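Input: a single structure, listed below in structure tokens.
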Amino acid sequence: MLPHTLRNTPASAWTQLQVAIDGPVGSTWTATATGERRSPAEAPAGRSAASVRLHPETTWRLCTRGIDPDTALARARINGDHQLAAAACRIGSIVS
């Protein structure tokens, strides 16, 4: 979902964005710009252009449209490129 969310966000090739969900069931994802596309990637060897850390409750509500992206962004801890981080906070999911 993260590469799809970032598909219209301009970024130079090999620019990486890391999204981390806190807590015991959390995880970390990295998306890498590869020209015109974004691909899932292993954690970067260097530093990501941006990183976003979210609380699990914020993530759940964001992905199920229980809160809007601006609210999630205000609750997120962001390092680096704010525009790239804001794009990540537009993510949504289908939960069954």
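Letters A, B, ... mark the chains of the structure tokens in the order given; residue numbers begin at 1 per chain; ligand numbers begin at 1, in order shown.
When DSSP is run on the backbone, the residues of chain A that fall into helix (DSSP H, G or I) are Leu2, Pro3, His4, Thr5, Pro56, Glu57, Thr58, Thr59, Trp60, Arg61, Leu62, Cys63, Pro69, Asp70, Thr71, Ala72, Leu73, Ala74, Arg75, His82, Gln83, Leu84, Ala85, Ala86, Ala87 and Ala88 of chain A.
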Output of the above residues as a PDB file, in the first residue's frame, restricted to N, CA and C atoms:
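Output contents, as saved in result_23.pdb:
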```pdb
ATOM      1  N   LEU A   2       1.974   1.270   0.692  1.00  0.00           N
ATOM      2  CA  LEU A   2       2.781   2.488   0.762  1.00  0.00           C
ATOM      3  C   LEU A   2       3.277   2.915  -0.619  1.00  0.00           C
ATOM      4  N   PRO A   3       3.816   2.010  -1.449  1.00  0.00           N
ATOM      5  CA  PRO A   3       4.217   2.456  -2.794  1.00  0.00           C
ATOM      6  C   PRO A   3       3.047   3.054  -3.583  1.00  0.00           C
ATOM      7  N   HIS A   4       1.862   2.478  -3.451  1.00  0.00           N
ATOM      8  CA  HIS A   4       0.682   3.006  -4.146  1.00  0.00           C
ATOM      9  C   HIS A   4       0.325   4.398  -3.624  1.00  0.00           C
ATOM     10  N   THR A   5       0.394   4.581  -2.328  1.00  0.00           N
ATOM     11  CA  THR A   5       0.088   5.880  -1.721  1.00  0.00           C
ATOM     12  C   THR A   5       1.039   6.957  -2.230  1.00  0.00           C
ATOM     13  N   PRO A  56       0.089   2.994  17.091  1.00  0.00           N
ATOM     14  CA  PRO A  56      -0.793   2.005  16.458  1.00  0.00           C
ATOM     15  C   PRO A  56      -2.243   2.469  16.317  1.00  0.00           C
ATOM     16  N   GLU A  57      -2.773   3.143  17.331  1.00  0.00           N
ATOM     17  CA  GLU A  57      -4.166   3.614  17.266  1.00  0.00           C
ATOM     18  C   GLU A  57      -4.345   4.645  16.149  1.00  0.00           C
ATOM     19  N   THR A  58      -3.380   5.548  16.011  1.00  0.00           N
ATOM     20  CA  THR A  58      -3.433   6.538  14.938  1.00  0.00           C
ATOM     21  C   THR A  58      -3.381   5.844  13.585  1.00  0.00           C
ATOM     22  N   THR A  59      -2.520   4.852  13.464  1.00  0.00           N
ATOM     23  CA  THR A  59      -2.389   4.119  12.203  1.00  0.00           C
ATOM     24  C   THR A  59      -3.690   3.409  11.845  1.00  0.00           C
ATOM     25  N   TRP A  60      -4.263   2.732  12.816  1.00  0.00           N
ATOM     26  CA  TRP A  60      -5.520   2.020  12.595  1.00  0.00           C
ATOM     27  C   TRP A  60      -6.599   2.982  12.111  1.00  0.00           C
ATOM     28  N   ARG A  61      -6.737   4.092  12.805  1.00  0.00           N
ATOM     29  CA  ARG A  61      -7.780   5.052  12.441  1.00  0.00           C
ATOM     30  C   ARG A  61      -7.501   5.692  11.071  1.00  0.00           C
ATOM     31  N   LEU A  62      -6.250   5.962  10.784  1.00  0.00           N
ATOM     32  CA  LEU A  62      -5.890   6.532   9.492  1.00  0.00           C
ATOM     33  C   LEU A  62      -6.219   5.570   8.350  1.00  0.00           C
ATOM     34  N   CYS A  63      -5.797   4.331   8.494  1.00  0.00           N
ATOM     35  CA  CYS A  63      -5.985   3.350   7.423  1.00  0.00           C
ATOM     36  C   CYS A  63      -7.446   2.988   7.196  1.00  0.00           C
ATOM     37  N   PRO A  69      -5.956  12.496   7.071  1.00  0.00           N
ATOM     38  CA  PRO A  69      -4.491  12.537   6.990  1.00  0.00           C
ATOM     39  C   PRO A  69      -3.854  13.686   7.767  1.00  0.00           C
ATOM     40  N   ASP A  70      -4.499  14.854   7.791  1.00  0.00           N
ATOM     41  CA  ASP A  70      -3.930  15.987   8.529  1.00  0.00           C
ATOM     42  C   ASP A  70      -3.861  15.718  10.027  1.00  0.00           C
ATOM     43  N   THR A  71      -4.865  15.033  10.560  1.00  0.00           N
ATOM     44  CA  THR A  71      -4.865  14.675  11.979  1.00  0.00           C
ATOM     45  C   THR A  71      -3.749  13.687  12.268  1.00  0.00           C
ATOM     46  N   ALA A  72      -3.608  12.682  11.408  1.00  0.00           N
ATOM     47  CA  ALA A  72      -2.525  11.704  11.582  1.00  0.00           C
ATOM     48  C   ALA A  72      -1.168  12.385  11.496  1.00  0.00           C
ATOM     49  N   LEU A  73      -1.017  13.280  10.559  1.00  0.00           N
ATOM     50  CA  LEU A  73       0.251  13.997  10.393  1.00  0.00           C
ATOM     51  C   LEU A  73       0.580  14.811  11.636  1.00  0.00           C
ATOM     52  N   ALA A  74      -0.429  15.441  12.237  1.00  0.00           N
ATOM     53  CA  ALA A  74      -0.209  16.228  13.452  1.00  0.00           C
ATOM     54  C   ALA A  74       0.223  15.343  14.618  1.00  0.00           C
ATOM     55  N   ARG A  75      -0.193  14.083  14.618  1.00  0.00           N
ATOM     56  CA  ARG A  75       0.161  13.148  15.696  1.00  0.00           C
ATOM     57  C   ARG A  75       1.479  12.415  15.434  1.00  0.00           C
ATOM     58  N   HIS A  82       9.278  16.943   5.001  1.00  0.00           N
ATOM     59  CA  HIS A  82       7.899  17.006   5.499  1.00  0.00           C
ATOM     60  C   HIS A  82       6.891  16.663   4.406  1.00  0.00           C
ATOM     61  N   GLN A  83       7.129  17.063   3.161  1.00  0.00           N
ATOM     62  CA  GLN A  83       6.205  16.776   2.058  1.00  0.00           C
ATOM     63  C   GLN A  83       6.110  15.267   1.818  1.00  0.00           C
ATOM     64  N   LEU A  84       7.227  14.592   1.868  1.00  0.00           N
ATOM     65  CA  LEU A  84       7.240  13.136   1.696  1.00  0.00           C
ATOM     66  C   LEU A  84       6.521  12.451   2.856  1.00  0.00           C
ATOM     67  N   ALA A  85       6.745  12.929   4.064  1.00  0.00           N
ATOM     68  CA  ALA A  85       6.068  12.376   5.236  1.00  0.00           C
ATOM     69  C   ALA A  85       4.565  12.610   5.153  1.00  0.00           C
ATOM     70  N   ALA A  86       4.161  13.793   4.711  1.00  0.00           N
ATOM     71  CA  ALA A  86       2.739  14.102   4.572  1.00  0.00           C
ATOM     72  C   ALA A  86       2.088  13.175   3.554  1.00  0.00           C
ATOM     73  N   ALA A  87       2.805  12.850   2.495  1.00  0.00           N
ATOM     74  CA  ALA A  87       2.261  11.929   1.484  1.00  0.00           C
ATOM     75  C   ALA A  87       2.019  10.545   2.089  1.00  0.00           C
ATOM     76  N   ALA A  88       2.907  10.095   2.959  1.00  0.00           N
ATOM     77  CA  ALA A  88       2.743   8.790   3.597  1.00  0.00           C
ATOM     78  C   ALA A  88       1.496   8.764   4.476  1.00  0.00           C
TER      79      ALA A  88
END
```
Inset, instruction - For Leu17 (chain A), work out the shell of residues within 7 Å, counting only C-alpha atoms and skipping chain neighbours fewer than 6 positions away, then give it as a list in words. - result: Thr30, Ala31, Thr32, Ser48, Ala49, Ala50 and Ser51 of chain A
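The shortest atom-to-atom distance to Leu54 (chain A), with only C-alpha atoms taken into account, belongs to A:Ala76 out of A:Thr28, A:Arg90, A:Ala13, A:Ala76.
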Inset, instruction - Could you check how far CA of Arg47 (chain A) sits from CA of Asp81 (chain A), in Å to one decimal? - result: 11.8 Å
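Distance annotation: of A:Asn79, A:Trp14, A:Leu6, A:His55, the residue with the minimal separation from Gly26 (chain A) is A:His55; atom set is only C-alpha atoms.
Atom pair CA of Arg53 (chain A) / CA of Gly92 (chain A) has a distance of 16.0 Å (rounded to one decimal).
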Inset, instruction - Would you mind reading off the distance between CA of Ala11 (chain A) and CA of Ser27 (chain A), one decimal, in Å? - result: 23.6 Å
